[in-house]
Structure formats: structure tokens, C-alpha cells
file upload_23.cif (mmCIF, C-alpha atoms and all ligand atoms)
data_input
loop_
_atom_site.label_atom_id
_atom_site.label_comp_id
_atom_site.auth_asym_id
_atom_site.auth_seq_id
_atom_site.Cartn_x
_atom_site.Cartn_y
_atom_site.Cartn_z
CA MET A 550 70.44 -178.07 114.75
CA GLU A 551 69.75 -174.59 115.98
CA LEU A 552 66.85 -172.91 114.15
CA ARG A 553 68.96 -170.05 112.79
CA GLU A 554 71.45 -172.54 111.42
CA VAL A 555 68.67 -174.56 109.77
CA LEU A 556 67.31 -171.42 108.11
CA LYS A 557 70.63 -170.36 106.62
CA SER A 558 72.21 -173.72 105.81
CA ARG A 559 69.23 -175.29 104.03
CA ARG A 560 69.68 -175.74 100.31
CA SER A 561 67.59 -177.30 97.58
CA ILE A 562 69.07 -180.76 97.16
CA ARG A 563 69.20 -182.30 93.67
CA GLN A 564 71.55 -185.21 94.30
CA TYR A 565 70.85 -188.03 96.73
CA THR A 566 72.88 -190.89 98.13
CA GLY A 567 70.28 -193.51 97.21
CA GLU A 568 69.71 -194.50 100.84
CA GLN A 569 66.02 -194.77 101.65
CA VAL A 570 64.54 -192.26 104.08
CA PRO A 571 62.62 -194.38 106.63
CA GLU A 572 58.86 -194.01 106.61
CA ASP A 573 58.92 -192.98 110.30
CA THR A 574 61.23 -190.11 109.44
CA ILE A 575 58.91 -188.95 106.65
CA ARG A 576 55.94 -189.16 109.03
CA GLU A 577 57.79 -187.09 111.60
CA ILE A 578 58.82 -184.51 109.01
CA LEU A 579 55.21 -184.26 107.77
CA SER A 580 53.94 -183.68 111.30
CA TYR A 581 55.40 -180.14 111.21
CA ALA A 582 53.45 -179.14 108.11
CA PRO A 583 50.26 -177.87 109.84
CA TRP A 584 52.13 -175.67 112.35
CA VAL A 585 52.15 -172.58 110.19
CA PRO A 586 50.19 -169.32 110.30
CA ASN A 587 46.86 -170.18 108.63
CA HIS A 588 44.00 -167.66 108.46
CA HIS A 589 40.76 -169.25 109.75
CA VAL A 590 42.88 -172.35 110.49
CA SER A 591 41.39 -173.74 107.29
CA GLU A 592 44.09 -176.42 106.95
CA PRO A 593 43.74 -176.32 103.16
CA TRP A 594 46.27 -179.07 102.42
CA ARG A 595 46.71 -182.72 101.87
CA PHE A 596 49.74 -184.75 100.93
CA VAL A 597 50.41 -187.77 98.74
CA VAL A 598 53.66 -189.58 99.54
CA ALA A 599 54.98 -191.57 96.59
CA GLN A 600 57.60 -194.26 97.22
CA GLY A 601 58.71 -197.45 95.52
CA ASP A 602 56.49 -198.52 92.62
CA SER A 603 54.27 -195.47 93.12
CA LEU A 604 57.26 -193.18 92.80
CA ALA A 605 58.26 -194.99 89.60
CA ALA A 606 54.71 -194.48 88.27
CA LEU A 607 54.83 -190.78 89.13
CA ALA A 608 58.26 -190.52 87.48
CA ASP A 609 56.74 -192.01 84.30
CA LEU A 610 53.89 -189.52 84.44
CA ARG A 611 56.43 -186.71 84.79
CA HIS A 612 58.27 -188.09 81.76
CA GLN A 613 55.08 -188.05 79.70
CA ALA A 614 54.05 -184.61 80.98
CA VAL A 615 57.39 -183.13 79.91
CA LEU A 616 57.15 -184.84 76.50
CA ARG A 617 53.71 -183.34 75.98
CA ARG A 618 54.75 -179.88 77.17
CA ARG A 619 57.86 -179.91 74.96
CA ALA A 620 56.26 -181.57 71.92
CA GLY A 621 58.12 -180.61 68.75
CA GLU A 622 61.20 -179.37 70.58
CA GLU A 623 64.50 -181.02 69.78
CA SER A 624 65.40 -181.37 73.45
CA ALA A 625 62.05 -182.88 74.48
CA GLN A 626 63.21 -186.48 74.88
CA ALA A 627 66.37 -185.55 76.81
CA ARG A 628 64.43 -183.23 79.12
CA ALA A 629 61.77 -185.86 79.73
CA ASP A 630 64.36 -188.55 80.46
CA LYS A 631 66.12 -186.21 82.91
CA ALA A 632 62.82 -185.34 84.58
CA ARG A 633 62.00 -189.02 85.10
CA GLN A 634 65.49 -189.81 86.36
CA GLU A 635 65.34 -186.97 88.91
CA PHE A 636 62.27 -188.52 90.51
CA LEU A 637 63.71 -192.04 90.39
CA GLU A 638 66.80 -190.89 92.27
CA ALA A 639 64.75 -189.50 95.16
CA SER A 640 63.76 -191.66 98.09
CA ALA A 641 60.24 -190.25 98.06
CA VAL A 642 58.22 -187.49 96.41
CA ILE A 643 55.56 -185.68 98.39
CA ALA A 644 52.81 -184.02 96.38
CA VAL A 645 51.52 -181.03 98.33
CA ILE A 646 47.93 -180.29 97.38
CA GLN A 647 45.86 -177.18 98.09
CA ARG A 648 42.10 -177.27 98.48
CA LEU A 649 40.86 -174.25 96.50
CA ASP A 650 38.36 -172.11 98.36
CA GLU A 651 35.61 -170.52 96.26
CA ASP A 652 36.49 -167.13 97.71
CA GLY A 653 39.46 -165.53 95.93
CA THR A 654 40.90 -163.86 99.02
CA ARG A 655 40.74 -167.05 101.04
CA ARG A 656 42.28 -168.97 98.16
CA HIS A 657 45.15 -166.50 98.09
CA GLU A 658 45.67 -166.73 101.84
CA ASP A 659 45.42 -170.50 101.74
CA HIS A 660 48.10 -170.62 99.07
CA ALA A 661 50.43 -168.71 101.39
CA ALA A 662 49.65 -171.18 104.18
CA VAL A 663 50.26 -174.20 101.94
CA ALA A 664 53.57 -172.73 100.78
CA MET A 665 54.57 -172.26 104.42
CA ALA A 666 53.48 -175.80 105.25
CA THR A 667 55.71 -176.97 102.40
CA TYR A 668 58.57 -174.95 103.83
CA ASN A 669 58.00 -176.46 107.28
CA ILE A 670 58.40 -179.88 105.71
CA ILE A 671 61.60 -178.76 103.98
CA LEU A 672 63.04 -177.28 107.18
CA ALA A 673 62.08 -180.26 109.34
CA ALA A 674 63.63 -182.53 106.71
CA TRP A 675 66.83 -180.51 106.70
CA ASP A 676 67.02 -180.66 110.48
CA ALA A 677 66.69 -184.47 110.19
CA GLY A 678 69.55 -184.58 107.66
CA VAL A 679 67.16 -185.06 104.73
CA GLY A 680 67.39 -182.90 101.63
CA ALA A 681 64.36 -181.66 99.71
CA PHE A 682 63.74 -180.11 96.32
CA TRP A 683 60.59 -178.17 95.45
CA ASN A 684 59.51 -179.01 91.90
CA THR A 685 56.69 -177.47 89.92
CA GLY A 686 56.72 -177.51 86.10
CA PRO A 687 54.53 -179.54 83.72
CA LEU A 688 53.27 -181.89 86.47
CA MET A 689 51.24 -179.08 88.00
CA GLN A 690 48.55 -178.95 85.32
CA ASP A 691 48.81 -182.39 83.79
CA ALA A 692 45.51 -184.25 83.44
CA ASP A 693 47.03 -187.71 83.96
CA VAL A 694 48.81 -186.54 87.10
CA ARG A 695 45.55 -185.08 88.38
CA THR A 696 43.90 -188.44 87.83
CA TRP A 697 46.78 -190.31 89.49
CA LEU A 698 46.62 -188.02 92.53
CA GLU A 699 42.83 -188.41 92.57
CA LEU A 700 42.46 -184.64 92.66
CA ARG A 701 39.01 -183.19 92.97
CA GLU A 702 37.97 -180.20 90.85
CA ASP A 703 38.69 -177.92 93.79
CA GLU A 704 42.23 -179.13 94.37
CA GLN A 705 45.54 -178.05 92.91
CA PRO A 706 49.13 -179.22 93.47
CA VAL A 707 51.42 -176.59 94.97
CA ALA A 708 54.63 -178.60 95.14
CA PHE A 709 56.19 -181.91 94.28
CA LEU A 710 58.88 -182.33 96.94
CA ARG A 711 61.70 -184.72 96.21
CA LEU A 712 63.26 -186.09 99.39
CA GLY A 713 66.51 -187.94 99.97
CA TYR A 714 69.77 -187.91 101.85
CA PRO A 715 72.05 -185.25 100.32
CA LYS A 716 74.94 -186.42 98.18
CA ALA A 717 76.00 -182.85 97.49
CA VAL A 718 74.96 -179.53 98.99
CA PRO A 719 75.12 -176.70 96.46
CA VAL A 720 76.52 -173.31 97.26
CA GLN A 721 74.04 -170.47 96.87
CA ARG A 722 74.30 -166.77 97.28
CA ARG A 723 71.83 -164.13 98.41
CA SER A 724 72.05 -160.36 98.25
CA PRO A 725 72.69 -158.64 101.57
CA ILE A 726 69.25 -158.04 103.04
CA GLU A 727 70.17 -154.45 103.88
CA ASP A 728 70.12 -153.73 100.12
CA ARG A 729 66.39 -154.41 100.18
CA VAL A 730 65.29 -152.89 103.44
CA ASP A 731 64.04 -149.34 103.75
CA TRP A 732 64.20 -148.40 107.41
CA ARG A 733 61.79 -145.60 108.33
CA ARG A 734 62.68 -144.12 111.67
C1 LIG A 801 57.37 -172.31 94.34
C2 LIG A 801 58.71 -172.89 93.96
C3 LIG A 801 58.81 -173.65 92.82
C4 LIG A 801 60.03 -174.19 92.42
N1 LIG A 801 60.09 -174.96 91.31
C5 LIG A 801 61.29 -175.37 90.85
C6 LIG A 801 61.35 -176.15 89.66
O1 LIG A 801 60.34 -176.54 89.09
N2 LIG A 801 62.57 -176.47 89.19
C7 LIG A 801 63.72 -176.08 89.83
O2 LIG A 801 64.82 -176.36 89.34
N3 LIG A 801 63.68 -175.43 91.02
C8 LIG A 801 62.49 -175.08 91.54
N4 LIG A 801 62.42 -174.43 92.75
C9 LIG A 801 63.64 -174.34 93.61
C10 LIG A 801 64.47 -173.11 93.37
O3 LIG A 801 65.13 -173.21 92.13
C11 LIG A 801 65.50 -172.96 94.50
O4 LIG A 801 64.84 -172.78 95.74
C12 LIG A 801 66.43 -171.79 94.24
O5 LIG A 801 67.32 -172.09 93.22
C13 LIG A 801 67.22 -171.34 95.47
O6 LIG A 801 68.06 -172.39 95.92
P1 LIG A 801 68.05 -172.86 97.46
O7 LIG A 801 66.66 -173.37 97.73
O8 LIG A 801 69.10 -173.93 97.56
O9 LIG A 801 68.39 -171.67 98.31
C14 LIG A 801 61.20 -173.93 93.19
C15 LIG A 801 61.09 -173.17 94.37
C16 LIG A 801 59.86 -172.68 94.76
C17 LIG A 801 59.75 -171.89 96.06
#
call {"tool": "encode", "arguments": {"input": "upload_23.cif", "output": "C-alpha cells"}}
result
Amino acid sequence: MELREVLKSRRSIRQYTGEQVPEDTIREILSYAPWVPNHHVSEPWRFVVAQGDSLAALADLRHQAVLRRRAGEESAQARADKARQEFLEASAVIAVIQRLDEDGTRRHEDHAAVAMATYNIILAAWDAGVGAFWNTGPLMQDADVRTWLELREDEQPVAFLRLGYPKAVPVQRRSPIEDRVDWRR
């Protein structure tokens, strides 16, 4: 696909066909992650790819994390069940993890780089016919998830990326960019 087409056609994909994305394809998609602007070339990322039984375990952790976050709410169980099911329907989930620099400015810049690395994965996936969905939510701070990911004190998840072949591609709209550009000539 042409780059411009990739940029405008990509959508966040929630529904998947159930077909497994081959491991080689995931490896190839991941290989684009580091090729982003990155001050000091600090490469402040690492990735955990959950598939199969590991994905089921992560889905259970997400279920529990939502239950804890929503404790006392009437909709807690339904939300938790939906959260688990969303992960189970993906072919893989990639946890994108940022190493947190002690320096606040560097940490901020690194976060931008990790977000771009995540976007590179999403774009490379889309170009390979694979849909992705960037999830955050209760998993981000959950102690059990931190343990499962074997996060060090100086690490923080930035994204949980669901991957799978698209079953449906949602329609989205954006405002015309000219509404938000102030040309100074
Ligand atoms: C940092 C970040 C976090 C996100 N977290 C969630 C999330 O937890 N749940 C969700 O439904 N969508 C999440 N999204 C996806 C957005 O909802 C989605 O990108 C938006 O609706 C625009 O749709 P599009 O990506 O198809 O253009 C997240 C996106 C970003 C960049």
C-alpha cells in the first residue's frame, strides 16, 4: 500500500476474523518499531507479545483489573466480561513498555518516542492487512499485570495493542485540518 493510503485508511480495529496472525508477520511488524525519531536514540521500549495461553492469562488479568476498578458499580461484571472477551478475540496482544528515565524531560521525550514506535507497529500491521487496537485503561496501573509483565520499578506500559485480521473496518471522521491551521505568511 502507498504510505499516504496507509495513513488515511488505517482504523482502530475492534473485530477480528479469528484467523491467527503468523508469528513471522508479527516479528516483521515489530521490526518497524525502533525506526522513529528518538532523542538521544535512547530506545526506551520493550515489548511483550502475548498469544495462546499467555493471551488467555492476560485476558483474565484484564477481567480482574476491570472488576477491581469498577468495584461496587452495577455494570462491573458486564464490563469485565467484555474486556476479557475483547482480548480473547484478538490473535495477539502486544504490551508496549516504556523505560522511565530519571530525568523528567527525557521521560517526556521518551514517551513521545514510544508512542511513535507504537504507531509504527500499527501502521506496519495495517500495511500487512492486520488490524490493531490501542488499549489503555485499568491494565496500565494494575499490580498483578505489572507482576505478570515482570515490570521493573522504572518501567510503565504505554499501550496494550490487540492485533488480528479485520472483520469490520469502522468509519471515522476527522475535522478538515484547515480548521486547525493558522498560516502565518
Ligand atoms: C494513547 C491511546 C489510548 C487509547 N486507549 C483506548 C482505550 O483504552 N479504549 C478505546 O476504546 N480506545 C482507545 N484508543 C483508541 C481510540 O479510541 C481511537 O484511536 C479513536 O477512536 C480514533 O479511531 P481510529 O483510530 O480508527 O481513527 C486509544 C488511542 C490512543 C492513541
call {"tool": "closest_atom_pairs", "arguments": {"input": "upload_23.cif", "of": "chain A", "to": "ligand LIG 801 (chain A)", "cutoff": "6 Å", "atoms": "only C-alpha atoms and all ligand atoms", "output": "JSON lines"}}
result
{"residue": "A:Arg560", "atom": "CA", "partner": "A:LIG801", "partner_atom": "O8", "distance": 3.3}
{"residue": "A:Ser561", "atom": "CA", "partner": "A:LIG801", "partner_atom": "O8", "distance": 3.7}
{"residue": "A:Trp683", "atom": "CA", "partner": "A:LIG801", "partner_atom": "C14", "distance": 4.8}
{"residue": "A:Asn684", "atom": "CA", "partner": "A:LIG801", "partner_atom": "O1", "distance": 3.8}
{"residue": "A:Thr685", "atom": "CA", "partner": "A:LIG801", "partner_atom": "O1", "distance": 3.9}
{"residue": "A:Gly686", "atom": "CA", "partner": "A:LIG801", "partner_atom": "O1", "distance": 4.8}
{"residue": "A:Gln721", "atom": "CA", "partner": "A:LIG801", "partner_atom": "O9", "distance": 6.0}
call {"tool": "atom_distance", "arguments": {"input": "upload_23.cif", "atom1": "CA of Glu702 (chain A)", "atom2": "CA of Val642 (chain A)"}}
result
22.2 Å
call {"tool": "residues_around", "arguments": {"input": "upload_23.cif", "residues": "Phe596 (chain A)", "least_positions_apart": "2", "cutoff": "8 Å", "atoms": "all atoms listed in the file", "output": "list of chain:residue names"}}
result
A:Trp594, A:Val598, A:Ile643, A:Ala644, A:Val645, A:Ile646
call {"tool": "closest_residue", "arguments": {"input": "upload_23.cif", "among": "A:Thr696, A:His657, A:Ala673, A:Leu637", "to": "Glu551 (chain A)", "atoms": "all atoms listed in the file"}}
result
A:Ala673
call {"tool": "atom_distance", "arguments": {"input": "upload_23.cif", "atom1": "CA of Val707 (chain A)", "atom2": "CA of Ser591 (chain A)"}}
result
16.1 Å
call {"tool": "closest_residue", "arguments": {"input": "upload_23.cif", "among": "A:Arg563, A:Gln600, A:Trp675, A:Ala582", "to": "Ala632 (chain A)", "atoms": "only C-alpha atoms"}}
result
A:Arg563
call {"tool": "closest_residue", "arguments": {"input": "upload_23.cif", "among": "A:Leu579, A:Ala614, A:Val597, A:Ala629", "to": "Pro706 (chain A)", "atoms": "only C-alpha atoms"}}
result
A:Val597
call {"tool": "residues_near_point", "arguments": {"input": "upload_23.cif", "point": "(58.7, -197.6, 92.7)", "cutoff": "12 Å", "atoms": "all atoms listed in the file", "output": "list in words"}}
result
Gln569, Val598, Ala599, Gln600, Gly601, Asp602, Ser603, Leu604, Ala605, Ala606, Leu607, Ala608, Asp609, Arg633, Phe636, Leu637, Glu638, Ala639, Ser640, Ala641 and Val642 of chain A
call {"tool": "atom_distance", "arguments": {"input": "upload_23.cif", "atom1": "CA of Lys631 (chain A)", "atom2": "CA of Pro719 (chain A)"}}
result
18.8 Å
call {"tool": "residues_around", "arguments": {"input": "upload_23.cif", "residues": "Pro593 (chain A)", "least_positions_apart": "2", "cutoff": "7 Å", "atoms": "only C-alpha atoms", "output": "MDAnalysis selection string"}}
result
chainID A and resid 591 647:648 659 663
call {"tool": "closest_residue", "arguments": {"input": "upload_23.cif", "among": "A:Ala627, A:Leu688, A:Ala661, A:Leu698", "to": "Leu610 (chain A)", "atoms": "all atoms listed in the file"}}
result
A:Leu688
call {"tool": "residues_near_point", "arguments": {"input": "upload_23.cif", "point": "(45.9, -181.3, 89.2)", "cutoff": "6 Å", "atoms": "all atoms listed in the file", "output": "list of chain:residue names"}}
result
A:Met689, A:Gln690, A:Arg695, A:Leu700, A:Gln705, A:Pro706
call {"tool": "write_last_selection", "arguments": {"input": "upload_23.cif", "atoms": "C-alpha atoms", "output": "PDB file, in the frame of the given file"}}
result
ATOM      1  CA  MET A 689      51.240-179.080  88.000  1.00  0.00           C
ATOM      2  CA  GLN A 690      48.550-178.950  85.320  1.00  0.00           C
ATOM      3  CA  ARG A 695      45.550-185.080  88.380  1.00  0.00           C
ATOM      4  CA  LEU A 700      42.460-184.640  92.660  1.00  0.00           C
ATOM      5  CA  GLN A 705      45.540-178.050  92.910  1.00  0.00           C
ATOM      6  CA  PRO A 706      49.130-179.220  93.470  1.00  0.00           C
TER       7      PRO A 706
END
call {"tool": "closest_residue", "arguments": {"input": "upload_23.cif", "among": "A:Leu672, A:Ile578, A:Val679, A:Val615", "to": "Val694 (chain A)", "atoms": "all atoms listed in the file"}}
result
A:Val615
call {"tool": "closest_residue", "arguments": {"input": "upload_23.cif", "among": "A:Val730, A:Ala625, A:Val720, A:Ala664", "to": "Lys557 (chain A)", "atoms": "all atoms listed in the file"}}
result
A:Val720
call {"tool": "residues_around", "arguments": {"input": "upload_23.cif", "residues": "Ser580 (chain A)", "least_positions_apart": "4", "cutoff": "12 Å", "atoms": "only C-alpha atoms", "output": "number ranges by chain"}}
result
A: 573-576, 584-585, 595-596, 666-667, 669-674
call {"tool": "decode", "arguments": {"input": "upload_23.cif", "residues": "region 611-626 of chain A", "atoms": "N, CA and C atoms", "output": "PDB file, in the first residue's frame"}}
result
ATOM      1  N   ARG A 611      -6.964  -8.814  32.793  1.00  0.00           N
ATOM      2  CA  ARG A 611      -7.731  -7.622  32.411  1.00  0.00           C
ATOM      3  C   ARG A 611      -9.129  -7.683  33.041  1.00  0.00           C
ATOM      4  N   HIS A 612      -9.704  -8.875  33.029  1.00  0.00           N
ATOM      5  CA  HIS A 612     -11.018  -9.079  33.655  1.00  0.00           C
ATOM      6  C   HIS A 612     -10.971  -8.657  35.126  1.00  0.00           C
ATOM      7  N   GLN A 613      -9.960  -9.151  35.824  1.00  0.00           N
ATOM      8  CA  GLN A 613      -9.852  -8.841  37.263  1.00  0.00           C
ATOM      9  C   GLN A 613      -9.566  -7.360  37.499  1.00  0.00           C
ATOM     10  N   ALA A 614      -8.735  -6.785  36.616  1.00  0.00           N
ATOM     11  CA  ALA A 614      -8.382  -5.362  36.776  1.00  0.00           C
ATOM     12  C   ALA A 614      -9.623  -4.486  36.612  1.00  0.00           C
ATOM     13  N   VAL A 615     -10.477  -4.845  35.659  1.00  0.00           N
ATOM     14  CA  VAL A 615     -11.700  -4.062  35.441  1.00  0.00           C
ATOM     15  C   VAL A 615     -12.646  -4.253  36.634  1.00  0.00           C
ATOM     16  N   LEU A 616     -12.744  -5.484  37.132  1.00  0.00           N
ATOM     17  CA  LEU A 616     -13.605  -5.732  38.301  1.00  0.00           C
ATOM     18  C   LEU A 616     -13.160  -4.882  39.487  1.00  0.00           C
ATOM     19  N   ARG A 617     -11.844  -4.833  39.696  1.00  0.00           N
ATOM     20  CA  ARG A 617     -11.324  -4.036  40.820  1.00  0.00           C
ATOM     21  C   ARG A 617     -11.603  -2.550  40.608  1.00  0.00           C
ATOM     22  N   ARG A 618     -11.330  -2.073  39.388  1.00  0.00           N
ATOM     23  CA  ARG A 618     -11.520  -0.649  39.097  1.00  0.00           C
ATOM     24  C   ARG A 618     -12.989  -0.246  39.235  1.00  0.00           C
ATOM     25  N   ARG A 619     -13.884  -1.157  38.885  1.00  0.00           N
ATOM     26  CA  ARG A 619     -15.318  -0.841  38.849  1.00  0.00           C
ATOM     27  C   ARG A 619     -16.061  -1.375  40.074  1.00  0.00           C
ATOM     28  N   ALA A 620     -15.325  -1.769  41.098  1.00  0.00           N
ATOM     29  CA  ALA A 620     -15.933  -2.385  42.282  1.00  0.00           C
ATOM     30  C   ALA A 620     -17.106  -1.543  42.778  1.00  0.00           C
ATOM     31  N   GLY A 621     -18.241  -2.206  43.018  1.00  0.00           N
ATOM     32  CA  GLY A 621     -19.412  -1.509  43.532  1.00  0.00           C
ATOM     33  C   GLY A 621     -20.323  -0.987  42.444  1.00  0.00           C
ATOM     34  N   GLU A 622     -19.838  -0.936  41.211  1.00  0.00           N
ATOM     35  CA  GLU A 622     -20.692  -0.450  40.120  1.00  0.00           C
ATOM     36  C   GLU A 622     -21.548  -1.597  39.576  1.00  0.00           C
ATOM     37  N   GLU A 623     -22.751  -1.254  39.220  1.00  0.00           N
ATOM     38  CA  GLU A 623     -23.688  -2.276  38.732  1.00  0.00           C
ATOM     39  C   GLU A 623     -23.171  -2.965  37.469  1.00  0.00           C
ATOM     40  N   SER A 624     -22.482  -2.186  36.637  1.00  0.00           N
ATOM     41  CA  SER A 624     -22.052  -2.711  35.334  1.00  0.00           C
ATOM     42  C   SER A 624     -20.686  -3.407  35.388  1.00  0.00           C
ATOM     43  N   ALA A 625     -20.131  -3.542  36.590  1.00  0.00           N
ATOM     44  CA  ALA A 625     -18.748  -4.034  36.704  1.00  0.00           C
ATOM     45  C   ALA A 625     -18.548  -5.389  36.028  1.00  0.00           C
ATOM     46  N   GLN A 626     -19.431  -6.344  36.345  1.00  0.00           N
ATOM     47  CA  GLN A 626     -19.260  -7.698  35.811  1.00  0.00           C
ATOM     48  C   GLN A 626     -19.350  -7.699  34.278  1.00  0.00           C
TER      49      GLN A 626
END
